[in-house]
Amino acid sequence: MDHRIHVRRATDEDWPGIWQALEPVLRAGETYTYPRDITEDEARTVWTGTPGARVLVAADAADGRVLGTAKYLPNHPGAGAHVANASFVVAPDAGGRGVGRALGHAVLDGARAEGYRAMVFNAVVETNDRAVALWRSLGFTVLATVPEAFDHPTHGLVGLHIMHRTL
Ligand SMILES: CC(C)(COP(=O)(O)OP(=O)(O)OC[C@H]1O[C@@H](n2cnc3c(N)ncnc32)[C@H](O)[C@@H]1OP(=O)(O)O)[C@@H](O)C(=O)NCCC(=O)NCCS
């Protein structure tokens with residue numbers, strides 16, 4: 001892990017920094033199924049507003065800038081609540097320096113410590129090579145691929161991987 005990256009629980013004051021990381025990724029529409037014209041308020045609700053969700057930020061240890069964010073929560077309520085789901089976004093200009101990997105380790109450690117038994121990603125875009133490689137390197141496998149489930153802005157209809165690992 002890059003020693004200049006500090007991963008911690010998000011606070012309300014982190015929202016502007018989280019939004020700076022999220023907005024370009026959601027507008028690009030290449031990796032998430034949120035509407036590309038999602039408003040800031042809607043994004044705040046989906047990213048930070050779910051009861052029981054843990055929201056993390058990866059901050060630059062030198063200046064405190066939010067470089068990336070992740071959240072994890074039960075994939076289903078009730079009898080399915082021992083399996084976590086998680087989402088990750090790294091600011092495009094902070095990519096490739098280990099922020100995603102640091103967030104991945106923090107999410108896996110946090111979920112395991114909270115008693116989750118496994119983690120599942122429901123919709124990993126199959127053309128998202130960086131994410132797929134990162135999740136595989138963190139122990140996830142592709143259980144199945146839902147064909148033509150994602151309308152990519154440049155590739156057209158592509159599959160969505162369901163990725164899973166035990167904790
Ligand atoms: C996917 C994402 C979280 C990765 O974050 P990151 O900070 O760039 O990733 P890291 O620097 O930690 O790199 C992690 C791994 O990605 C892989 N990777 C990096 N660049 C890559 C590239 N150009 N092509 C393929 N794999 C690549 C490598 O396996 C790398 O591992 P390494 O540590 O051995 O080099 C980030 O690119 C992102 O937020 N993308 C947009 C949103 C998204 O796709 N979220 C995940 C949805 S499932």
# chains A, B, ... in the order shown; residues from 1 in each chain; ligands from 1
>>> residues_around(residues="Ala59 of chain A", least_positions_apart="2", cutoff="8 Å", atoms="only C-alpha atoms", output="ChimeraX atom specification")
/A:5-8,57,61,64-68
>>> residues_around(residues="Ala28 of chain A", least_positions_apart="3", cutoff="10 Å", atoms="only C-alpha atoms", output="PyMOL selection string")
chain A and resi 23-25+31-32+36-37+152-153
>>> write_last_selection(atoms="N, CA and C atoms", output="PDB file, in the first residue's frame")
ATOM      1  N   GLU A  23     -17.957  12.468  -9.484  1.00  0.00           N
ATOM      2  CA  GLU A  23     -18.667  13.096 -10.605  1.00  0.00           C
ATOM      3  C   GLU A  23     -18.106  12.725 -11.976  1.00  0.00           C
ATOM      4  N   PRO A  24     -16.776  12.841 -12.197  1.00  0.00           N
ATOM      5  CA  PRO A  24     -16.292  12.501 -13.546  1.00  0.00           C
ATOM      6  C   PRO A  24     -16.525  11.043 -13.917  1.00  0.00           C
ATOM      7  N   VAL A  25     -16.472  10.167 -12.930  1.00  0.00           N
ATOM      8  CA  VAL A  25     -16.670   8.732 -13.199  1.00  0.00           C
ATOM      9  C   VAL A  25     -18.130   8.463 -13.556  1.00  0.00           C
ATOM     10  N   THR A  31     -18.649   2.712 -16.149  1.00  0.00           N
ATOM     11  CA  THR A  31     -18.383   1.712 -15.110  1.00  0.00           C
ATOM     12  C   THR A  31     -19.521   1.504 -14.123  1.00  0.00           C
ATOM     13  N   TYR A  32     -20.492   2.384 -14.083  1.00  0.00           N
ATOM     14  CA  TYR A  32     -21.609   2.238 -13.136  1.00  0.00           C
ATOM     15  C   TYR A  32     -22.934   2.406 -13.855  1.00  0.00           C
ATOM     16  N   ARG A  36     -26.198   8.917 -16.112  1.00  0.00           N
ATOM     17  CA  ARG A  36     -25.039   9.802 -16.317  1.00  0.00           C
ATOM     18  C   ARG A  36     -25.334  11.233 -15.911  1.00  0.00           C
ATOM     19  N   ASP A  37     -26.636  11.605 -15.897  1.00  0.00           N
ATOM     20  CA  ASP A  37     -26.988  12.979 -15.507  1.00  0.00           C
ATOM     21  C   ASP A  37     -27.441  13.047 -14.043  1.00  0.00           C
ATOM     22  N   HIS A 152     -22.702   0.452 -22.812  1.00  0.00           N
ATOM     23  CA  HIS A 152     -21.473   1.240 -22.680  1.00  0.00           C
ATOM     24  C   HIS A 152     -21.466   2.356 -23.728  1.00  0.00           C
ATOM     25  N   PRO A 153     -21.031   3.572 -23.339  1.00  0.00           N
ATOM     26  CA  PRO A 153     -21.116   4.692 -24.289  1.00  0.00           C
ATOM     27  C   PRO A 153     -20.298   4.510 -25.559  1.00  0.00           C
TER      28      PRO A 153
END
>>> residues_around(residues="Arg117 of chain A", least_positions_apart="2", cutoff="12 Å", atoms="only C-alpha atoms", output="list in words")
Pro74, Asn75, Gly80, Ala81, His82, Val83, Ala84, Asn85, Leu108, Asp109, Gly110, Ala111, Arg112, Ala113, Glu114, Gly115, Met119, Val120, His164, Arg165, Thr166 and Leu167 of chain A
>>> closest_atom_pairs(of="chain A", to="ligand 1", cutoff="6 Å", atoms="only C-alpha atoms and all ligand atoms", output="tab-separated table")
residue	atom	partner	partner_atom_place_in_ligand_line	distance
A:Val25	CA	ligand 1	41 (C)	5.7
A:Thr31	CA	ligand 1	44 (O)	4.8
A:Phe88	CA	ligand 1	45 (N)	4.8
A:Val89	CA	ligand 1	39 (O)	3.4
A:Val90	CA	ligand 1	39 (O)	3.6
A:Gly95	CA	ligand 1	8 (O)	3.4
A:Gly96	CA	ligand 1	11 (O)	3.2
A:Arg97	CA	ligand 1	11 (O)	4.0
A:Gly98	CA	ligand 1	12 (O)	3.2
A:Val99	CA	ligand 1	7 (O)	3.8
A:Gly100	CA	ligand 1	5 (O)	3.5
A:Arg101	CA	ligand 1	12 (O)	3.7
A:Val124	CA	ligand 1	48 (S)	4.4
A:Asp129	CA	ligand 1	25 (C)	4.9
A:Arg130	CA	ligand 1	26 (N)	3.5
A:Ala131	CA	ligand 1	1 (C)	3.9
A:Ala133	CA	ligand 1	29 (O)	4.7
A:Leu134	CA	ligand 1	15 (C)	4.3
>>> select_by_dssp(residues="chain A", states="strand (DSSP E or B)", output="PDB file with C-alpha atoms, in the first residue's frame")
ATOM      1  CA  ILE A   5      -2.632   7.150   1.159  1.00  0.00           C
ATOM      2  CA  HIS A   6      -4.691   7.219   4.334  1.00  0.00           C
ATOM      3  CA  VAL A   7      -7.911   5.172   4.303  1.00  0.00           C
ATOM      4  CA  ARG A   8     -10.498   6.067   6.949  1.00  0.00           C
ATOM      5  CA  ARG A   9     -14.243   6.274   7.578  1.00  0.00           C
ATOM      6  CA  ARG A  54     -19.999   2.025   5.707  1.00  0.00           C
ATOM      7  CA  VAL A  55     -18.432   4.761   3.597  1.00  0.00           C
ATOM      8  CA  LEU A  56     -14.643   5.060   3.399  1.00  0.00           C
ATOM      9  CA  VAL A  57     -12.351   7.622   1.850  1.00  0.00           C
ATOM     10  CA  ALA A  58      -8.758   7.296   0.744  1.00  0.00           C
ATOM     11  CA  ALA A  59      -7.093  10.632   1.403  1.00  0.00           C
ATOM     12  CA  ASP A  60      -3.723  12.002   0.417  1.00  0.00           C
ATOM     13  CA  VAL A  66      -9.977  12.763  -1.133  1.00  0.00           C
ATOM     14  CA  LEU A  67      -8.449  10.527  -3.838  1.00  0.00           C
ATOM     15  CA  GLY A  68     -11.093   7.822  -3.772  1.00  0.00           C
ATOM     16  CA  THR A  69     -14.042   6.390  -1.925  1.00  0.00           C
ATOM     17  CA  ALA A  70     -15.694   3.059  -1.274  1.00  0.00           C
ATOM     18  CA  LYS A  71     -18.796   1.814   0.462  1.00  0.00           C
ATOM     19  CA  TYR A  72     -19.964  -1.551   1.661  1.00  0.00           C
ATOM     20  CA  LEU A  73     -23.271  -2.754   3.001  1.00  0.00           C
ATOM     21  CA  PRO A  74     -25.388  -5.911   3.143  1.00  0.00           C
ATOM     22  CA  VAL A  83     -22.957 -11.215   2.391  1.00  0.00           C
ATOM     23  CA  ALA A  84     -21.579  -7.757   1.684  1.00  0.00           C
ATOM     24  CA  ASN A  85     -21.729  -5.711  -1.471  1.00  0.00           C
ATOM     25  CA  ALA A  86     -19.211  -2.949  -2.176  1.00  0.00           C
ATOM     26  CA  SER A  87     -18.566  -0.104  -4.611  1.00  0.00           C
ATOM     27  CA  PHE A  88     -15.391   1.812  -5.355  1.00  0.00           C
ATOM     28  CA  VAL A  89     -14.427   4.996  -7.166  1.00  0.00           C
ATOM     29  CA  VAL A  90     -10.989   6.559  -7.514  1.00  0.00           C
ATOM     30  CA  ALA A 118     -18.502 -13.167   1.782  1.00  0.00           C
ATOM     31  CA  MET A 119     -18.536 -10.251  -0.641  1.00  0.00           C
ATOM     32  CA  VAL A 120     -20.262  -9.995  -4.009  1.00  0.00           C
ATOM     33  CA  PHE A 121     -20.056  -7.389  -6.749  1.00  0.00           C
ATOM     34  CA  ASN A 122     -23.280  -7.485  -8.732  1.00  0.00           C
ATOM     35  CA  ALA A 123     -22.339  -5.468 -11.802  1.00  0.00           C
ATOM     36  CA  VAL A 124     -18.697  -5.252 -12.875  1.00  0.00           C
ATOM     37  CA  VAL A 125     -18.635  -4.041 -16.464  1.00  0.00           C
ATOM     38  CA  THR A 141     -13.762 -14.820  -9.196  1.00  0.00           C
ATOM     39  CA  VAL A 142     -16.360 -14.250 -11.880  1.00  0.00           C
ATOM     40  CA  LEU A 143     -19.386 -16.399 -11.012  1.00  0.00           C
ATOM     41  CA  ALA A 144     -21.329 -15.481 -14.118  1.00  0.00           C
ATOM     42  CA  THR A 145     -21.671 -12.761 -16.701  1.00  0.00           C
ATOM     43  CA  VAL A 146     -25.059 -11.303 -17.508  1.00  0.00           C
ATOM     44  CA  PRO A 147     -24.881 -10.840 -21.281  1.00  0.00           C
ATOM     45  CA  GLU A 148     -25.461  -7.435 -22.894  1.00  0.00           C
ATOM     46  CA  ALA A 149     -26.612  -6.014 -19.568  1.00  0.00           C
ATOM     47  CA  PHE A 150     -24.677  -2.745 -19.752  1.00  0.00           C
ATOM     48  CA  ASP A 151     -25.016  -0.095 -22.440  1.00  0.00           C
ATOM     49  CA  HIS A 152     -21.473   1.240 -22.680  1.00  0.00           C
ATOM     50  CA  GLY A 156     -22.309  -0.689 -26.891  1.00  0.00           C
ATOM     51  CA  LEU A 157     -23.990  -3.613 -25.130  1.00  0.00           C
ATOM     52  CA  VAL A 158     -21.478  -5.487 -22.949  1.00  0.00           C
ATOM     53  CA  GLY A 159     -21.781  -7.985 -20.115  1.00  0.00           C
ATOM     54  CA  LEU A 160     -21.911  -7.430 -16.378  1.00  0.00           C
ATOM     55  CA  HIS A 161     -19.795  -9.771 -14.262  1.00  0.00           C
ATOM     56  CA  ILE A 162     -21.028 -11.027 -10.905  1.00  0.00           C
ATOM     57  CA  MET A 163     -17.826 -11.361  -8.850  1.00  0.00           C
ATOM     58  CA  HIS A 164     -17.520 -13.074  -5.478  1.00  0.00           C
ATOM     59  CA  ARG A 165     -15.131 -14.138  -2.754  1.00  0.00           C
ATOM     60  CA  THR A 166     -15.496 -15.547   0.721  1.00  0.00           C
TER      61      THR A 166
END
>>> decode(residues="segment 70-83 of chain A", atoms="N, CA and C atoms", output="PDB file, in the first residue's frame")
ATOM      1  N   ALA A  70     -15.061   4.371  -1.148  1.00  0.00           N
ATOM      2  CA  ALA A  70     -15.694   3.059  -1.274  1.00  0.00           C
ATOM      3  C   ALA A  70     -16.815   2.970  -0.260  1.00  0.00           C
ATOM      4  N   LYS A  71     -17.752   2.071  -0.533  1.00  0.00           N
ATOM      5  CA  LYS A  71     -18.796   1.814   0.462  1.00  0.00           C
ATOM      6  C   LYS A  71     -19.112   0.335   0.458  1.00  0.00           C
ATOM      7  N   TYR A  72     -19.516  -0.167   1.605  1.00  0.00           N
ATOM      8  CA  TYR A  72     -19.964  -1.551   1.661  1.00  0.00           C
ATOM      9  C   TYR A  72     -21.156  -1.645   2.590  1.00  0.00           C
ATOM     10  N   LEU A  73     -21.995  -2.604   2.307  1.00  0.00           N
ATOM     11  CA  LEU A  73     -23.271  -2.754   3.001  1.00  0.00           C
ATOM     12  C   LEU A  73     -23.797  -4.151   2.728  1.00  0.00           C
ATOM     13  N   PRO A  74     -24.838  -4.591   3.452  1.00  0.00           N
ATOM     14  CA  PRO A  74     -25.388  -5.911   3.143  1.00  0.00           C
ATOM     15  C   PRO A  74     -25.904  -5.955   1.698  1.00  0.00           C
ATOM     16  N   ASN A  75     -25.584  -7.048   1.011  1.00  0.00           N
ATOM     17  CA  ASN A  75     -26.059  -7.198  -0.366  1.00  0.00           C
ATOM     18  C   ASN A  75     -27.568  -7.405  -0.399  1.00  0.00           C
ATOM     19  N   HIS A  76     -28.089  -8.058   0.623  1.00  0.00           N
ATOM     20  CA  HIS A  76     -29.534  -8.223   0.809  1.00  0.00           C
ATOM     21  C   HIS A  76     -29.813  -8.057   2.295  1.00  0.00           C
ATOM     22  N   PRO A  77     -31.041  -7.682   2.672  1.00  0.00           N
ATOM     23  CA  PRO A  77     -31.377  -7.603   4.095  1.00  0.00           C
ATOM     24  C   PRO A  77     -31.656  -8.999   4.667  1.00  0.00           C
ATOM     25  N   GLY A  78     -31.927  -9.025   5.934  1.00  0.00           N
ATOM     26  CA  GLY A  78     -32.417 -10.242   6.585  1.00  0.00           C
ATOM     27  C   GLY A  78     -31.506 -11.434   6.385  1.00  0.00           C
ATOM     28  N   ALA A  79     -32.052 -12.500   5.833  1.00  0.00           N
ATOM     29  CA  ALA A  79     -31.327 -13.763   5.716  1.00  0.00           C
ATOM     30  C   ALA A  79     -30.145 -13.681   4.749  1.00  0.00           C
ATOM     31  N   GLY A  80     -30.045 -12.582   3.977  1.00  0.00           N
ATOM     32  CA  GLY A  80     -28.910 -12.412   3.073  1.00  0.00           C
ATOM     33  C   GLY A  80     -27.883 -11.419   3.578  1.00  0.00           C
ATOM     34  N   ALA A  81     -28.064 -10.938   4.806  1.00  0.00           N
ATOM     35  CA  ALA A  81     -27.263  -9.802   5.277  1.00  0.00           C
ATOM     36  C   ALA A  81     -25.838 -10.169   5.677  1.00  0.00           C
ATOM     37  N   HIS A  82     -25.494 -11.460   5.651  1.00  0.00           N
ATOM     38  CA  HIS A  82     -24.111 -11.854   5.975  1.00  0.00           C
ATOM     39  C   HIS A  82     -23.203 -11.794   4.745  1.00  0.00           C
ATOM     40  N   VAL A  83     -23.751 -11.417   3.602  1.00  0.00           N
ATOM     41  CA  VAL A  83     -22.957 -11.215   2.391  1.00  0.00           C
ATOM     42  C   VAL A  83     -22.937  -9.717   2.082  1.00  0.00           C
TER      43      VAL A  83
END
